[in-house]
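Here the structure is laid out as structure tokens; the discussion comes afterwards.
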Amino acid sequence: MSDTPHSSRPLAAAVTAKARALWSRVPPPLRLPLVVYLSCQACYLVWWMAFYPGMIDYDALAYTWQVTTDHWISNHSVLYNSLLWLSLNATGGFAALTLAQTVAMSAALAYACASLRVIGVRGRWSAPAALACAVAPPLAAFTVYVGKDVPFTICALLVFAVTARSTGRRLRGNWNGRMRRSELLLLCVGFLGIGLFRNNGFPVAVIAALCLLLALPGARIRIAALVSLTTAVTLTLMVVVYAAVGIQKPPKTLVYNLHYADLAVTYAQAPGLFTQDDLRLMAKAAPIEDWRTTGATCFASDPLYRKLNRTVTDGLTEPLVQLWWRTLRKAPQRVLSARLCRGHIAWAVFPGPQDQGGRTYNALDWVNPVFYKWYPEMRTSPYNRAAQPRPVSETLGKAGDFAYEASRVPQLEWLLWRGAVWAYATYLLVVRLSRSRRCRPLLALVGVTFGTQLTVLAATPSPCFRYMAAPIFVGVLCLSLIPAVRGGVGSVIPPRTPRARPAATAPKDVEYAP
């Protein structure tokens, strides 16, 4: 028995030697992204098994009902609905889709770390930041959420990573005025995904491209052509192709839902702005009392949308939109105030105040569990069982629920669930980095974050956490810039300088012996 520990030592040594031999075969440039990918994927697999088959809410059930009953509507991402349809028909459930999301997110984080290394950020700083995205309950649970915003965030990370790699090459003196084919390909995938996974996402791609245009001289024609092509493809699909293949357009009431919410907020605050004719028009769509009560809450447009008679309201679209324009001309501050209030999640660090009913509108209220209240058809759907939470391990499921619920403590919402604070942190760190390295093109790193924040601020129906998830991921990764900003020995990878060639010398005279 005393020989057992000694007999295991040669085996351990052999395993260690074999691991070192395998690791030595991995090319040095691939070691950092490989470690990041494997680490993040392992963490995401734990969350995936804990929340198996995935985080499912009202919108996910809406996607499921549409694709399983042939009621395809373009108000949601048609591309994501197609992926959901493929998962349901190929495997009978949601797990394959959410597992694919974890693989893609891990790959995007790994590529981002490799790109930050080009700027000079060491792996010892970027790898923990990427791992934090796979460990933190809000971001980890979001990755296994059945929703279009997950692939949108993955594509936003791709664009951020390509931006870091391209501007980093210019910083290190390796910029030859051209982007590599791999960078152009990934940038194309990122731009297309941003536009197709979120219907109002293409402005994010345009803003990110504009930042790249200013940062990368010599590649401006290709970048402009790329973003123009991807935007044209996105708009063509939305306006022409979807309708041609039988996908229904969203009802007009849903399209102009934000306009009607502006009217409700304005009426609740200043009813004297509306004439009797205006009130009679509004009463046809919903009782005046509903306009007043729902308008008292400016943080979401959904309460009014549920009260509207959608069949009647669809026929009143033109006069109601004209009423909105008249209201905008009379009291632009009221409409702008309603938009800023509803876009609270985009710019405000802390949660919003309570409404008259005592409810606080914040990011946490819009992360819902599985429920069928608005989709009673799902009770008899063959995919009812597939949508129910079935953790691989009961202990693992309880641990995941505990961690997820613990992260929802209101005092930490500003840090864990709101993207605004991470957007501002990104701006601060990137500006400091560009000044410390004396390289203005690095400012292009804020393109995706700024574009997302601006589009959510301009038009959002409710303060959902997932709308600002991309700036949170980017912000956490940008924490690895802190050592580069502060400087110091070993904080930044020094730029590689080409090896100097020995100077040519004249051949020595050869002396011959007599």
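Residues in the structure tokens are named by chain (A, B, ... in the order shown) and by number from 1 within that chain; ligands are numbered from 1 in the order shown.
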**Item:** Selection: 7 Å around A:Ala261, only C-alpha atoms, excl. self and same-chain fewer than 3 positions, as a PyMOL selection string
**Value:** chain A and resi 257-258+264-265+295+301+304
Print the selection's residues with N, CA, C and O atoms to a file, as a PDB file, in the first residue's frame.
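As written to disk, again-v9.pdb reads:
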ATOM      1  N   ASN A 257     -46.326  52.259 -32.337  1.00  0.00           N
ATOM      2  CA  ASN A 257     -46.616  52.146 -30.912  1.00  0.00           C
ATOM      3  C   ASN A 257     -45.933  53.228 -30.097  1.00  0.00           C
ATOM      4  O   ASN A 257     -46.516  53.791 -29.154  1.00  0.00           O
ATOM      5  N   LEU A 258     -44.692  53.571 -30.437  1.00  0.00           N
ATOM      6  CA  LEU A 258     -43.969  54.595 -29.689  1.00  0.00           C
ATOM      7  C   LEU A 258     -44.590  55.974 -29.874  1.00  0.00           C
ATOM      8  O   LEU A 258     -44.590  56.791 -28.942  1.00  0.00           O
ATOM      9  N   ALA A 264     -49.816  59.540 -25.243  1.00  0.00           N
ATOM     10  CA  ALA A 264     -50.383  59.234 -23.931  1.00  0.00           C
ATOM     11  C   ALA A 264     -49.637  59.992 -22.830  1.00  0.00           C
ATOM     12  O   ALA A 264     -50.264  60.550 -21.910  1.00  0.00           O
ATOM     13  N   VAL A 265     -48.319  60.033 -22.904  1.00  0.00           N
ATOM     14  CA  VAL A 265     -47.541  60.742 -21.890  1.00  0.00           C
ATOM     15  C   VAL A 265     -47.839  62.236 -21.944  1.00  0.00           C
ATOM     16  O   VAL A 265     -48.018  62.890 -20.910  1.00  0.00           O
ATOM     17  N   GLY A 295     -50.409  56.844 -19.726  1.00  0.00           N
ATOM     18  CA  GLY A 295     -49.474  57.933 -19.956  1.00  0.00           C
ATOM     19  C   GLY A 295     -48.785  58.399 -18.697  1.00  0.00           C
ATOM     20  O   GLY A 295     -47.746  59.066 -18.760  1.00  0.00           O
ATOM     21  N   SER A 301     -43.922  51.574 -23.302  1.00  0.00           N
ATOM     22  CA  SER A 301     -45.060  51.764 -24.200  1.00  0.00           C
ATOM     23  C   SER A 301     -46.001  50.570 -24.194  1.00  0.00           C
ATOM     24  O   SER A 301     -47.101  50.650 -24.737  1.00  0.00           O
ATOM     25  N   LEU A 304     -49.873  50.895 -22.809  1.00  0.00           N
ATOM     26  CA  LEU A 304     -50.854  51.470 -23.722  1.00  0.00           C
ATOM     27  C   LEU A 304     -51.166  50.514 -24.858  1.00  0.00           C
ATOM     28  O   LEU A 304     -52.338  50.374 -25.260  1.00  0.00           O
TER      29      LEU A 304
END
Selection near A:Leu22, 12 Å with only C-alpha atoms, sequence-local residues under 6 positions removed, as an mmCIF file with N, CA and C atoms, in the first residue's frame:
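Result file result-v8.cif:
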data_model
loop_
_atom_site.group_PDB
_atom_site.id
_atom_site.type_symbol
_atom_site.label_atom_id
_atom_site.label_comp_id
_atom_site.auth_asym_id
_atom_site.auth_seq_id
_atom_site.Cartn_x
_atom_site.Cartn_y
_atom_site.Cartn_z
ATOM 1 N N VAL A 15 1.675 12.033 -17.991
ATOM 2 C CA VAL A 15 0.547 12.859 -18.429
ATOM 3 C C VAL A 15 0.979 14.309 -18.598
ATOM 4 N N THR A 16 1.784 14.792 -17.627
ATOM 5 C CA THR A 16 2.265 16.177 -17.715
ATOM 6 C C THR A 16 3.142 16.375 -18.945
ATOM 7 N N ARG A 31 -2.510 30.483 -28.685
ATOM 8 C CA ARG A 31 -2.596 29.973 -27.322
ATOM 9 C C ARG A 31 -3.555 30.792 -26.463
#
Non-local contacts of stretch 279-292 of chain A (7 Å; only C-alpha atoms; under 4 positions in same chain excluded) as a PDB file with N, CA, C and O atoms, in the first residue's frame:
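So the final result, stored in around_37.pdb, reads:
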ATOM      1  N   ALA A 264     -49.816  59.540 -25.243  1.00  0.00           N
ATOM      2  CA  ALA A 264     -50.383  59.234 -23.931  1.00  0.00           C
ATOM      3  C   ALA A 264     -49.637  59.992 -22.830  1.00  0.00           C
ATOM      4  O   ALA A 264     -50.264  60.550 -21.910  1.00  0.00           O
ATOM      5  N   TYR A 267     -50.569  63.672 -23.059  1.00  0.00           N
ATOM      6  CA  TYR A 267     -51.936  63.931 -22.588  1.00  0.00           C
ATOM      7  C   TYR A 267     -52.008  63.864 -21.065  1.00  0.00           C
ATOM      8  O   TYR A 267     -52.722  64.666 -20.435  1.00  0.00           O
ATOM      9  N   ALA A 268     -51.291  62.922 -20.460  1.00  0.00           N
ATOM     10  CA  ALA A 268     -51.307  62.810 -18.997  1.00  0.00           C
ATOM     11  C   ALA A 268     -50.670  64.024 -18.335  1.00  0.00           C
ATOM     12  O   ALA A 268     -51.080  64.432 -17.248  1.00  0.00           O
ATOM     13  N   PHE A 274     -54.748  69.209 -26.187  1.00  0.00           N
ATOM     14  CA  PHE A 274     -55.563  68.406 -27.091  1.00  0.00           C
ATOM     15  C   PHE A 274     -56.970  69.015 -27.193  1.00  0.00           C
ATOM     16  O   PHE A 274     -57.593  69.354 -26.181  1.00  0.00           O
ATOM     17  N   THR A 275     -57.437  69.134 -28.419  1.00  0.00           N
ATOM     18  CA  THR A 275     -58.779  69.660 -28.678  1.00  0.00           C
ATOM     19  C   THR A 275     -59.813  68.547 -28.517  1.00  0.00           C
ATOM     20  O   THR A 275     -59.469  67.365 -28.346  1.00  0.00           O
ATOM     21  N   ALA A 296     -49.353  58.066 -17.537  1.00  0.00           N
ATOM     22  CA  ALA A 296     -48.698  58.434 -16.282  1.00  0.00           C
ATOM     23  C   ALA A 296     -47.391  57.681 -16.092  1.00  0.00           C
ATOM     24  O   ALA A 296     -46.569  58.057 -15.264  1.00  0.00           O
ATOM     25  N   LEU A 304     -49.873  50.895 -22.809  1.00  0.00           N
ATOM     26  CA  LEU A 304     -50.854  51.470 -23.722  1.00  0.00           C
ATOM     27  C   LEU A 304     -51.166  50.514 -24.858  1.00  0.00           C
ATOM     28  O   LEU A 304     -52.338  50.374 -25.260  1.00  0.00           O
ATOM     29  N   LYS A 307     -53.903  48.187 -24.234  1.00  0.00           N
ATOM     30  CA  LYS A 307     -55.229  48.782 -24.102  1.00  0.00           C
ATOM     31  C   LYS A 307     -55.854  49.153 -25.445  1.00  0.00           C
ATOM     32  O   LYS A 307     -57.075  49.306 -25.539  1.00  0.00           O
ATOM     33  N   LEU A 308     -55.044  49.315 -26.472  1.00  0.00           N
ATOM     34  CA  LEU A 308     -55.549  49.787 -27.759  1.00  0.00           C
ATOM     35  C   LEU A 308     -56.391  48.721 -28.442  1.00  0.00           C
ATOM     36  O   LEU A 308     -56.072  47.520 -28.386  1.00  0.00           O
ATOM     37  N   ASN A 309     -57.442  49.171 -29.111  1.00  0.00           N
ATOM     38  CA  ASN A 309     -58.203  48.302 -30.001  1.00  0.00           C
ATOM     39  C   ASN A 309     -57.434  48.253 -31.319  1.00  0.00           C
ATOM     40  O   ASN A 309     -57.526  49.156 -32.139  1.00  0.00           O
ATOM     41  N   VAL A 312     -59.188  48.637 -34.822  1.00  0.00           N
ATOM     42  CA  VAL A 312     -59.637  50.003 -35.086  1.00  0.00           C
ATOM     43  C   VAL A 312     -58.445  50.935 -35.254  1.00  0.00           C
ATOM     44  O   VAL A 312     -58.425  51.797 -36.145  1.00  0.00           O
ATOM     45  N   THR A 313     -57.437  50.762 -34.417  1.00  0.00           N
ATOM     46  CA  THR A 313     -56.280  51.651 -34.447  1.00  0.00           C
ATOM     47  C   THR A 313     -55.515  51.530 -35.763  1.00  0.00           C
ATOM     48  O   THR A 313     -54.979  52.523 -36.271  1.00  0.00           O
TER      49      THR A 313
END
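Ranking A:Leu196, A:Val121, A:Leu328, A:Cys211 by their shortest atom-to-atom distance to A:Leu273, with only C-alpha atoms included, puts A:Leu328 first.
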**Item:** Exercise: A:Leu477 partners within 10 Å, only C-alpha atoms, chain neighbours under 4 positions left out, as an NGL selection string
**Value:** :A and (109 or 112-113 or 116 or 125-133 or 157 or 426 or 471-473 or 481)
Mind writing the picked residues with N, CA, C and O atoms as an mmCIF file, in the first residue's frame?
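Here's the written file result-v4.cif:
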data_model
loop_
_atom_site.group_PDB
_atom_site.id
_atom_site.type_symbol
_atom_site.label_atom_id
_atom_site.label_comp_id
_atom_site.auth_asym_id
_atom_site.auth_seq_id
_atom_site.Cartn_x
_atom_site.Cartn_y
_atom_site.Cartn_z
ATOM 1 N N LEU A 109 -15.499 36.112 -27.709
ATOM 2 C CA LEU A 109 -14.671 36.611 -26.610
ATOM 3 C C LEU A 109 -13.201 36.250 -26.818
ATOM 4 O O LEU A 109 -12.303 37.060 -26.534
ATOM 5 N N ALA A 112 -11.808 38.500 -29.425
ATOM 6 C CA ALA A 112 -11.646 39.851 -28.889
ATOM 7 C C ALA A 112 -10.370 39.960 -28.060
ATOM 8 O O ALA A 112 -9.653 40.966 -28.134
ATOM 9 N N CYS A 113 -10.075 38.935 -27.262
ATOM 10 C CA CYS A 113 -8.836 38.960 -26.474
ATOM 11 C C CYS A 113 -7.609 38.962 -27.387
ATOM 12 O O CYS A 113 -6.634 39.675 -27.124
ATOM 13 N N LEU A 116 -7.316 42.478 -28.752
ATOM 14 C CA LEU A 116 -6.803 43.429 -27.773
ATOM 15 C C LEU A 116 -5.298 43.270 -27.580
ATOM 16 O O LEU A 116 -4.603 44.239 -27.248
ATOM 17 N N TRP A 125 -4.493 40.249 -18.547
ATOM 18 C CA TRP A 125 -5.563 41.193 -18.214
ATOM 19 C C TRP A 125 -6.831 40.930 -19.021
ATOM 20 O O TRP A 125 -7.933 41.022 -18.480
ATOM 21 N N SER A 126 -6.690 40.627 -20.301
ATOM 22 C CA SER A 126 -7.886 40.431 -21.136
ATOM 23 C C SER A 126 -8.574 39.103 -20.859
ATOM 24 O O SER A 126 -9.809 39.021 -20.908
ATOM 25 N N ALA A 127 -7.826 38.054 -20.564
ATOM 26 C CA ALA A 127 -8.432 36.747 -20.313
ATOM 27 C C ALA A 127 -9.350 36.765 -19.092
ATOM 28 O O ALA A 127 -10.477 36.257 -19.155
ATOM 29 N N PRO A 128 -8.932 37.330 -17.933
ATOM 30 C CA PRO A 128 -9.873 37.410 -16.811
ATOM 31 C C PRO A 128 -11.117 38.234 -17.115
ATOM 32 O O PRO A 128 -12.209 37.921 -16.629
ATOM 33 N N ALA A 129 -10.967 39.288 -17.918
ATOM 34 C CA ALA A 129 -12.141 40.088 -18.279
ATOM 35 C C ALA A 129 -13.119 39.269 -19.099
ATOM 36 O O ALA A 129 -14.343 39.324 -18.885
ATOM 37 N N ALA A 130 -12.609 38.489 -20.061
ATOM 38 C CA ALA A 130 -13.489 37.623 -20.854
ATOM 39 C C ALA A 130 -14.131 36.556 -19.987
ATOM 40 O O ALA A 130 -15.321 36.226 -20.146
ATOM 41 N N LEU A 131 -13.349 36.006 -19.057
ATOM 42 C CA LEU A 131 -13.896 34.980 -18.175
ATOM 43 C C LEU A 131 -14.991 35.551 -17.277
ATOM 44 O O LEU A 131 -15.959 34.848 -16.950
ATOM 45 N N ALA A 132 -14.859 36.816 -16.899
ATOM 46 C CA ALA A 132 -15.900 37.450 -16.090
ATOM 47 C C ALA A 132 -17.229 37.495 -16.843
ATOM 48 O O ALA A 132 -18.300 37.389 -16.235
ATOM 49 N N CYS A 133 -17.168 37.644 -18.172
ATOM 50 C CA CYS A 133 -18.397 37.639 -18.975
ATOM 51 C C CYS A 133 -19.077 36.279 -18.965
ATOM 52 O O CYS A 133 -20.279 36.185 -19.217
ATOM 53 N N LEU A 157 -19.704 42.216 -30.698
ATOM 54 C CA LEU A 157 -18.368 41.891 -30.206
ATOM 55 C C LEU A 157 -17.398 41.643 -31.355
ATOM 56 O O LEU A 157 -16.218 42.007 -31.276
ATOM 57 N N THR A 426 -16.422 52.636 -20.859
ATOM 58 C CA THR A 426 -15.733 52.401 -22.136
ATOM 59 C C THR A 426 -15.221 53.702 -22.739
ATOM 60 O O THR A 426 -14.064 53.794 -23.187
ATOM 61 N N PRO A 471 -23.083 46.783 -24.857
ATOM 62 C CA PRO A 471 -22.153 47.682 -24.171
ATOM 63 C C PRO A 471 -21.592 47.119 -22.871
ATOM 64 O O PRO A 471 -20.475 47.478 -22.472
ATOM 65 N N ILE A 472 -22.351 46.240 -22.188
ATOM 66 C CA ILE A 472 -21.827 45.650 -20.958
ATOM 67 C C ILE A 472 -20.671 44.709 -21.288
ATOM 68 O O ILE A 472 -19.611 44.749 -20.647
ATOM 69 N N PHE A 473 -20.853 43.836 -22.282
ATOM 70 C CA PHE A 473 -19.771 42.929 -22.680
ATOM 71 C C PHE A 473 -18.537 43.718 -23.107
ATOM 72 O O PHE A 473 -17.407 43.407 -22.695
ATOM 73 N N LEU A 481 -8.000 47.434 -20.426
ATOM 74 C CA LEU A 481 -7.217 48.573 -20.891
ATOM 75 C C LEU A 481 -6.612 49.376 -19.746
ATOM 76 O O LEU A 481 -5.740 50.220 -19.976
#
**Request:** Extract, using only C-alpha atoms, all DNA, RNA and protein residues at most 8 Å from A:Ala60, discarding same-chain residues fewer than 3 positions from it, and format them as a list in words.
**Result:** Ile56, Asp57, Tyr63, Thr64, Val146 and Gly147 of chain A
Go ahead and save the picked residues with N, CA, C and O atoms, as a CSV table (one decimal), in the first residue's frame.
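Saved result, selection29.csv, follows:
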chain,number,residue,atom,x,y,z
A,56,ILE,N,-36.2,31.3,-21.1
A,56,ILE,CA,-37.3,31.5,-22.0
A,56,ILE,C,-38.3,32.5,-21.4
A,56,ILE,O,-38.7,32.3,-20.2
A,57,ASP,N,-38.7,33.5,-22.1
A,57,ASP,CA,-39.7,34.5,-21.6
A,57,ASP,C,-40.8,34.7,-22.6
A,57,ASP,O,-41.0,33.9,-23.6
A,63,TYR,N,-41.8,34.0,-30.5
A,63,TYR,CA,-41.1,33.4,-31.6
A,63,TYR,C,-41.6,32.0,-31.9
A,63,TYR,O,-41.8,31.6,-33.0
A,64,THR,N,-41.7,31.2,-30.8
A,64,THR,CA,-42.1,29.8,-31.0
A,64,THR,C,-43.4,29.6,-31.6
A,64,THR,O,-43.6,28.8,-32.5
A,146,VAL,N,-33.1,32.6,-24.9
A,146,VAL,CA,-33.7,32.4,-26.3
A,146,VAL,C,-34.2,33.8,-26.7
A,146,VAL,O,-35.3,34.2,-26.4
A,147,GLY,N,-33.3,34.5,-27.5
A,147,GLY,CA,-33.7,35.8,-27.9
A,147,GLY,C,-32.7,36.3,-28.9
A,147,GLY,O,-31.5,36.0,-29.0
